[in-house]
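I have placed the structure first, in the form of structure tokens, so that the comments after it can refer back to it.
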Amino acid sequence: MSIVNIVVGVIVFFIRIIYLWCLAIVKAVVPAKFQGFKDVHGQVCLVTGAGSGLGRLMSQKFAGLGCKMVLWDINADGNEETATMLKSAGIPYVKTYTVDLSDRQNIYDVAAKVKEEVGNVDILINNAGIVTGKKFLDCPDPLIEKTFAVNTIAHFWTVKSFLPSMLTKNKGHIVSIASSAGFFGVSGLADYCASKFGAVGFNESLRNSLDRNELNKMGKDGVHTTVVCPYYINTGMFAGVKSRIPILEPEFVVKKIVEAVLTNQEVLMVPKDIYMFYFLRGVLPINVSQLIGKVFGINNTMDDFVGRNKTQ
């Protein structure tokens with residue numbers, strides 16, 4: 001390769017970097033409603049953990065956009081309650097399935113039933129999650145294993161079940177509801193943080209595989225991914241958590257999630273302060289990052305953790 005070709009290649013490379021950087025700045029500054037939303041009316045949207053919390057709210061929002069809803073949850077009563085709420089609001093198509101997301105074969109079996117009874121899934125939202133909230137040495141081994149099974153490994157089985165049809169149609173969206181704990185380790189959340197790190201890593205690998213057409217040999221680009229990394233949310237799952245950073249309201253988070261999906265945003269951190277902390281962690285020494293964590297009381301947030309009670 002000649003010197004001229006190398007120089008031209010380097011110049012083109014930096015021009016692309018500048019262009020993409022400017023594009024990212026514009027998308028960050030311009031409100032989502034002005035960026036142009038894609039139309040999801042009539043698409044099949046599957047939400048795991050739809051029986052409560054964020055899953056129920058997301059089901060309501062996507063149903064309101066005209067999606068055919070498929071609701072998964074291990075809590076059959078909660079799932080049916082969500083379905084009743086949707087039907088009462090005039091949503092014409094809602095199907096519920098009771099699924100144990102810690103059971104690979106159960107996921108595959110129910111996924112096959114969905115494809116038979118409903119059809120191909122267009123929007124897959126891996127939302128279901130659990131938290132033990134115990135100190136590492138106090139956390140029973142089976143609970144650690146179940147945390148990984150639900151929060152991380154289940155994503156592999158659901159994506160394996162529904163991604164092939166998305167690739168065939170060159171249309172689809174996979175959403176991973178992770179956590180800011182998928183970027184920052186927190187005291188009292190060793191298993192939860194590690195499981196969310198796994199969910200973030202899986203999503204990133206999946207996104208890069210799609211980008212280089214590793215999965216879609218035809219080189220199409222109609223399948224998108226979004227990973228959602230919020231701070232603590234006031235859904236009851238983290239009841240008792242105390243934080244100097246405001247705890248998020250679920251309605252606000254769901255609004256941001258829906259906007260991210262409709263604009264094909266790859267990574268969503270809520271609140272935006274999380275982007276700053278993520279940047280600082282990459283450029284500051286470890287001991288400085290730890291000092292910042294102490295100042296903001298991050299590692300004390302779980303001291304009074306209670307968690308979701310059985311009625312929630």
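Labeling convention for the structure tokens: chains A, B, ... as they appear, residues from 1 per chain, ligands from 1 in order of appearance.
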
Could you name the residues that touch Val110 of chain A at 9 Å or less, counting only C-alpha atoms, but leaving out those on the same chain fewer than 5 positions away, as a PyMOL selection string? chain A and resi 97-99+105+115

Residues as selected, N, CA, C and O atoms, written as a short mmCIF file (atom, residue, chain, number, x, y, z; two decimals), in the first residue's frame, can you do that?
data_model
loop_
_atom_site.label_atom_id
_atom_site.label_comp_id
_atom_site.auth_asym_id
_atom_site.auth_seq_id
_atom_site.Cartn_x
_atom_site.Cartn_y
_atom_site.Cartn_z
N TYR A 97 -48.37 -15.58 28.77
CA TYR A 97 -47.73 -16.88 28.95
C TYR A 97 -46.99 -16.88 30.27
O TYR A 97 -46.26 -15.92 30.58
N THR A 98 -47.17 -17.95 31.03
CA THR A 98 -46.43 -18.10 32.29
C THR A 98 -45.11 -18.79 31.98
O THR A 98 -45.08 -19.90 31.44
N VAL A 99 -44.01 -18.12 32.31
CA VAL A 99 -42.68 -18.60 31.93
C VAL A 99 -41.72 -18.47 33.11
O VAL A 99 -41.67 -17.44 33.77
N GLN A 105 -35.24 -24.74 29.03
CA GLN A 105 -36.18 -25.52 28.23
C GLN A 105 -37.57 -24.92 28.26
O GLN A 105 -38.28 -24.92 27.24
N LYS A 115 -44.54 -18.58 18.69
CA LYS A 115 -44.39 -18.53 17.24
C LYS A 115 -45.52 -19.27 16.53
O LYS A 115 -45.94 -18.88 15.44
#

Dump as CSV the rows for residues of segment 6-112 of chain A within 12 Å of segment 175-191 of chain A: closest atom pair and distance in Å with one decimal, only C-alpha atoms counted, ordered by chain and rising residue number.
residue,atom,partner,partner_atom,distance
A:Cys45,CA,A:Val175,CA,10.6
A:Leu46,CA,A:Val175,CA,10.1
A:Val47,CA,A:Val175,CA,9.4
A:Thr48,CA,A:Ile177,CA,10.0
A:Gly49,CA,A:Ile177,CA,10.6
A:Leu54,CA,A:Ile177,CA,9.5
A:Gly55,CA,A:Ile177,CA,9.8
A:Met58,CA,A:Ile177,CA,11.1

Since we have the selection now, will you write its residues out, keeping N, CA, C and O atoms, as an mmCIF file, in the first residue's frame?
data_model
loop_
_atom_site.group_PDB
_atom_site.id
_atom_site.type_symbol
_atom_site.label_atom_id
_atom_site.label_comp_id
_atom_site.auth_asym_id
_atom_site.auth_seq_id
_atom_site.Cartn_x
_atom_site.Cartn_y
_atom_site.Cartn_z
ATOM 1 N N CYS A 45 -44.841 -7.316 19.987
ATOM 2 C CA CYS A 45 -43.898 -6.904 21.026
ATOM 3 C C CYS A 45 -44.002 -7.862 22.204
ATOM 4 O O CYS A 45 -45.079 -8.015 22.795
ATOM 5 N N LEU A 46 -42.905 -8.521 22.540
ATOM 6 C CA LEU A 46 -42.869 -9.448 23.669
ATOM 7 C C LEU A 46 -42.088 -8.814 24.815
ATOM 8 O O LEU A 46 -40.949 -8.384 24.632
ATOM 9 N N VAL A 47 -42.713 -8.770 25.988
ATOM 10 C CA VAL A 47 -42.089 -8.191 27.175
ATOM 11 C C VAL A 47 -41.973 -9.265 28.246
ATOM 12 O O VAL A 47 -42.979 -9.871 28.639
ATOM 13 N N THR A 48 -40.758 -9.525 28.719
ATOM 14 C CA THR A 48 -40.599 -10.443 29.848
ATOM 15 C C THR A 48 -40.714 -9.648 31.145
ATOM 16 O O THR A 48 -40.369 -8.470 31.199
ATOM 17 N N GLY A 49 -41.219 -10.302 32.181
ATOM 18 C CA GLY A 49 -41.445 -9.600 33.443
ATOM 19 C C GLY A 49 -42.551 -8.567 33.311
ATOM 20 O O GLY A 49 -42.488 -7.487 33.903
ATOM 21 N N LEU A 54 -41.593 -2.026 35.668
ATOM 22 C CA LEU A 54 -41.288 -1.494 34.342
ATOM 23 C C LEU A 54 -41.939 -2.319 33.240
ATOM 24 O O LEU A 54 -42.392 -1.779 32.230
ATOM 25 N N GLY A 55 -41.981 -3.632 33.427
ATOM 26 C CA GLY A 55 -42.564 -4.505 32.411
ATOM 27 C C GLY A 55 -44.014 -4.166 32.135
ATOM 28 O O GLY A 55 -44.446 -4.123 30.977
ATOM 29 N N MET A 58 -44.088 -0.682 30.344
ATOM 30 C CA MET A 58 -43.660 -0.783 28.952
ATOM 31 C C MET A 58 -44.722 -1.470 28.100
ATOM 32 O O MET A 58 -44.952 -1.092 26.942
#

Lys160 of chain A surroundings by only C-alpha atoms, 12 Å radius, close-in-sequence under 6 positions cut, as a PyMOL selection string: chain A and resi 104+107-108+111-112+121+124+153-154+166-167+174+206+215

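Using only C-alpha atoms, the shortest contact distance between Ile247 of chain A and any of A:Thr226, A:Thr301, A:Ser52, A:Ser195 is found at A:Thr301.
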
If you take only C-alpha atoms and a cut-off of 8 Å, which residues of segment 34-104 of chain A touch segment 248-260 of chain A, and what are their nearest atom pairs and distances in Å to one decimal, in chain and number order, as a Markdown table?
| residue | atom | partner | partner_atom | distance |
| --- | --- | --- | --- | --- |
| A:Phe37 | CA | A:Glu259 | CA | 7.7 |
| A:Gly53 | CA | A:Pro250 | CA | 7.5 |
| A:Leu54 | CA | A:Pro250 | CA | 6.3 |
| A:Leu57 | CA | A:Val254 | CA | 6.8 |
| A:Met58 | CA | A:Val254 | CA | 6.1 |
| A:Lys61 | CA | A:Val258 | CA | 7.5 |
| A:Phe62 | CA | A:Val258 | CA | 7.6 |

Would you export the selected residues with N, CA, C and O atoms as a PDB file, in the first residue's frame, please?
ATOM      1  N   PHE A  37     -39.657   9.266  14.772  1.00  0.00           N
ATOM      2  CA  PHE A  37     -39.918   7.957  15.367  1.00  0.00           C
ATOM      3  C   PHE A  37     -40.270   6.942  14.285  1.00  0.00           C
ATOM      4  O   PHE A  37     -40.991   7.265  13.333  1.00  0.00           O
ATOM      5  N   GLY A  53     -44.127  -3.574  37.695  1.00  0.00           N
ATOM      6  CA  GLY A  53     -43.026  -2.629  37.514  1.00  0.00           C
ATOM      7  C   GLY A  53     -42.858  -2.103  36.101  1.00  0.00           C
ATOM      8  O   GLY A  53     -43.828  -1.772  35.413  1.00  0.00           O
ATOM      9  N   LEU A  54     -41.593  -2.026  35.668  1.00  0.00           N
ATOM     10  CA  LEU A  54     -41.288  -1.494  34.342  1.00  0.00           C
ATOM     11  C   LEU A  54     -41.939  -2.319  33.240  1.00  0.00           C
ATOM     12  O   LEU A  54     -42.392  -1.779  32.230  1.00  0.00           O
ATOM     13  N   LEU A  57     -45.500  -1.224  32.724  1.00  0.00           N
ATOM     14  CA  LEU A  57     -45.561   0.112  32.115  1.00  0.00           C
ATOM     15  C   LEU A  57     -45.143   0.083  30.652  1.00  0.00           C
ATOM     16  O   LEU A  57     -45.756   0.736  29.802  1.00  0.00           O
ATOM     17  N   MET A  58     -44.088  -0.682  30.344  1.00  0.00           N
ATOM     18  CA  MET A  58     -43.660  -0.783  28.952  1.00  0.00           C
ATOM     19  C   MET A  58     -44.722  -1.470  28.100  1.00  0.00           C
ATOM     20  O   MET A  58     -44.952  -1.092  26.942  1.00  0.00           O
ATOM     21  N   LYS A  61     -47.261   1.119  27.256  1.00  0.00           N
ATOM     22  CA  LYS A  61     -46.780   2.107  26.291  1.00  0.00           C
ATOM     23  C   LYS A  61     -46.727   1.533  24.876  1.00  0.00           C
ATOM     24  O   LYS A  61     -47.179   2.172  23.910  1.00  0.00           O
ATOM     25  N   PHE A  62     -46.163   0.343  24.737  1.00  0.00           N
ATOM     26  CA  PHE A  62     -46.051  -0.230  23.396  1.00  0.00           C
ATOM     27  C   PHE A  62     -47.411  -0.667  22.859  1.00  0.00           C
ATOM     28  O   PHE A  62     -47.663  -0.596  21.654  1.00  0.00           O
TER      29      PHE A  62
END

Near Leu280 of chain A, within 8 Å and counting only C-alpha atoms, which residues show up once chain neighbours fewer than 4 positions away are dropped, as number ranges by chain? A: 276, 284, 289

Would you save the residues from that selection as a compact mmCIF listing (two decimals), in the first residue's frame, using all heavy atoms?
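As a result, out29.txt now contains:
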# COMPACT_ATOMS: atom_id res chain seq x y z
N MET A 276 -21.62 10.73 32.43
CA MET A 276 -20.47 11.44 32.97
C MET A 276 -19.66 10.53 33.88
O MET A 276 -18.43 10.48 33.80
CB MET A 276 -20.92 12.67 33.75
CG MET A 276 -19.77 13.47 34.38
SD MET A 276 -20.35 14.76 35.49
CE MET A 276 -21.02 13.77 36.85
N LEU A 284 -10.07 8.43 35.05
CA LEU A 284 -9.51 8.70 36.37
C LEU A 284 -8.86 7.46 36.96
O LEU A 284 -9.26 6.34 36.66
CB LEU A 284 -10.61 9.20 37.32
CG LEU A 284 -11.26 10.54 36.97
CD1 LEU A 284 -12.40 10.83 37.95
CD2 LEU A 284 -10.24 11.67 36.99
N SER A 289 -11.76 7.25 41.46
CA SER A 289 -13.13 6.78 41.20
C SER A 289 -13.78 6.28 42.48
O SER A 289 -14.96 6.53 42.74
CB SER A 289 -13.11 5.65 40.16
OG SER A 289 -12.61 6.12 38.92

From the DSSP assignment of the backbone, select every residue of segment 90-271 of chain A that is strand (DSSP E or B), and format the answer as a PyMOL selection string. chain A and resi 94-98+123-126+172-177+223-230+233+248+267-270

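Take atom CA of Gly240 of chain A and atom CA of Gly133 of chain A: the distance between them is 10.4 Å.
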
Which neighbours of Lys95 of chain A fall inside 9 Å, counting only C-alpha atoms, when residues of the same chain fewer than 5 positions from it are skipped, and could you give them as a list in words? Lys68, Met69, Val70, Leu71, Trp72, Ala83, Val114 and Val118 of chain A

Within segment 151-273 of chain A, find each residue whose DSSP state, derived from the backbone, is alpha helix (DSSP H), and express the selection as a ChimeraX atom specification. /A:154-169,190-211,250-262,273

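With atom CA of Met85 of chain A on one side and atom CA of Gln60 of chain A on the other, the separation reads 8.2 Å.
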
So that I can check the surroundings of segment 144-146 of chain A, please list as a ChimeraX atom specification every protein, DNA and RNA residue that reaches within 10 Å of it, counting only C-alpha atoms and ignoring chain neighbours fewer than 6 positions away. /A:101-103,129-132,134,136,152-153,190-192,194-195

Selection to disk with N, CA, C and O atoms, as a PDB file, in the first residue's frame:
ATOM      1  N   LEU A 101     -38.121 -17.929  33.659  1.00  0.00           N
ATOM      2  CA  LEU A 101     -36.965 -17.502  32.877  1.00  0.00           C
ATOM      3  C   LEU A 101     -35.640 -18.034  33.394  1.00  0.00           C
ATOM      4  O   LEU A 101     -34.589 -17.775  32.800  1.00  0.00           O
ATOM      5  N   SER A 102     -35.679 -18.790  34.487  1.00  0.00           N
ATOM      6  CA  SER A 102     -34.464 -19.460  34.951  1.00  0.00           C
ATOM      7  C   SER A 102     -34.363 -20.872  34.378  1.00  0.00           C
ATOM      8  O   SER A 102     -33.405 -21.592  34.638  1.00  0.00           O
ATOM      9  N   ASP A 103     -35.355 -21.245  33.550  1.00  0.00           N
ATOM     10  CA  ASP A 103     -35.429 -22.588  32.982  1.00  0.00           C
ATOM     11  C   ASP A 103     -35.302 -22.497  31.461  1.00  0.00           C
ATOM     12  O   ASP A 103     -36.228 -22.075  30.770  1.00  0.00           O
ATOM     13  N   GLY A 129     -36.087  -9.341  35.790  1.00  0.00           N
ATOM     14  CA  GLY A 129     -34.867  -9.345  36.591  1.00  0.00           C
ATOM     15  C   GLY A 129     -35.170  -9.590  38.054  1.00  0.00           C
ATOM     16  O   GLY A 129     -36.293  -9.339  38.517  1.00  0.00           O
ATOM     17  N   ILE A 130     -34.184 -10.086  38.783  1.00  0.00           N
ATOM     18  CA  ILE A 130     -34.336 -10.304  40.221  1.00  0.00           C
ATOM     19  C   ILE A 130     -33.106  -9.759  40.940  1.00  0.00           C
ATOM     20  O   ILE A 130     -32.044  -9.592  40.331  1.00  0.00           O
ATOM     21  N   VAL A 131     -33.265  -9.492  42.220  1.00  0.00           N
ATOM     22  CA  VAL A 131     -32.146  -9.018  43.039  1.00  0.00           C
ATOM     23  C   VAL A 131     -32.228  -9.683  44.406  1.00  0.00           C
ATOM     24  O   VAL A 131     -33.312  -9.785  44.992  1.00  0.00           O
ATOM     25  N   THR A 132     -31.090 -10.178  44.888  1.00  0.00           N
ATOM     26  CA  THR A 132     -31.078 -10.801  46.214  1.00  0.00           C
ATOM     27  C   THR A 132     -30.877  -9.750  47.297  1.00  0.00           C
ATOM     28  O   THR A 132     -31.448  -9.842  48.378  1.00  0.00           O
ATOM     29  N   LYS A 134     -28.278  -9.208  49.095  1.00  0.00           N
ATOM     30  CA  LYS A 134     -27.514  -9.700  50.240  1.00  0.00           C
ATOM     31  C   LYS A 134     -26.017  -9.476  50.024  1.00  0.00           C
ATOM     32  O   LYS A 134     -25.547  -9.448  48.889  1.00  0.00           O
ATOM     33  N   PHE A 136     -22.220 -10.438  49.675  1.00  0.00           N
ATOM     34  CA  PHE A 136     -21.741 -11.561  48.887  1.00  0.00           C
ATOM     35  C   PHE A 136     -21.630 -12.852  49.700  1.00  0.00           C
ATOM     36  O   PHE A 136     -22.141 -13.909  49.295  1.00  0.00           O
ATOM     37  N   THR A 152     -29.261 -12.660  33.078  1.00  0.00           N
ATOM     38  CA  THR A 152     -28.278 -12.726  31.983  1.00  0.00           C
ATOM     39  C   THR A 152     -28.575 -13.859  31.010  1.00  0.00           C
ATOM     40  O   THR A 152     -28.827 -13.625  29.830  1.00  0.00           O
ATOM     41  N   ILE A 153     -28.536 -15.091  31.512  1.00  0.00           N
ATOM     42  CA  ILE A 153     -28.583 -16.259  30.628  1.00  0.00           C
ATOM     43  C   ILE A 153     -29.897 -16.338  29.854  1.00  0.00           C
ATOM     44  O   ILE A 153     -29.924 -16.759  28.694  1.00  0.00           O
ATOM     45  N   ALA A 190     -23.105  -7.781  44.561  1.00  0.00           N
ATOM     46  CA  ALA A 190     -22.090  -8.491  43.771  1.00  0.00           C
ATOM     47  C   ALA A 190     -22.708  -9.353  42.675  1.00  0.00           C
ATOM     48  O   ALA A 190     -22.307  -9.273  41.509  1.00  0.00           O
ATOM     49  N   ASP A 191     -23.687 -10.173  43.039  1.00  0.00           N
ATOM     50  CA  ASP A 191     -24.293 -11.059  42.044  1.00  0.00           C
ATOM     51  C   ASP A 191     -25.119 -10.276  41.037  1.00  0.00           C
ATOM     52  O   ASP A 191     -25.085 -10.545  39.834  1.00  0.00           O
ATOM     53  N   TYR A 192     -25.845  -9.275  41.521  1.00  0.00           N
ATOM     54  CA  TYR A 192     -26.689  -8.465  40.632  1.00  0.00           C
ATOM     55  C   TYR A 192     -25.821  -7.691  39.642  1.00  0.00           C
ATOM     56  O   TYR A 192     -26.082  -7.689  38.435  1.00  0.00           O
ATOM     57  N   ALA A 194     -22.731  -8.293  38.652  1.00  0.00           N
ATOM     58  CA  ALA A 194     -22.076  -9.199  37.713  1.00  0.00           C
ATOM     59  C   ALA A 194     -23.053  -9.680  36.639  1.00  0.00           C
ATOM     60  O   ALA A 194     -22.701  -9.783  35.460  1.00  0.00           O
ATOM     61  N   SER A 195     -24.291  -9.948  37.043  1.00  0.00           N
ATOM     62  CA  SER A 195     -25.299 -10.406  36.073  1.00  0.00           C
ATOM     63  C   SER A 195     -25.633  -9.304  35.079  1.00  0.00           C
ATOM     64  O   SER A 195     -25.845  -9.562  33.888  1.00  0.00           O
TER      65      SER A 195
END

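Atom CA of Cys139 of chain A sits 26.1 Å away from atom CA of Val228 of chain A.
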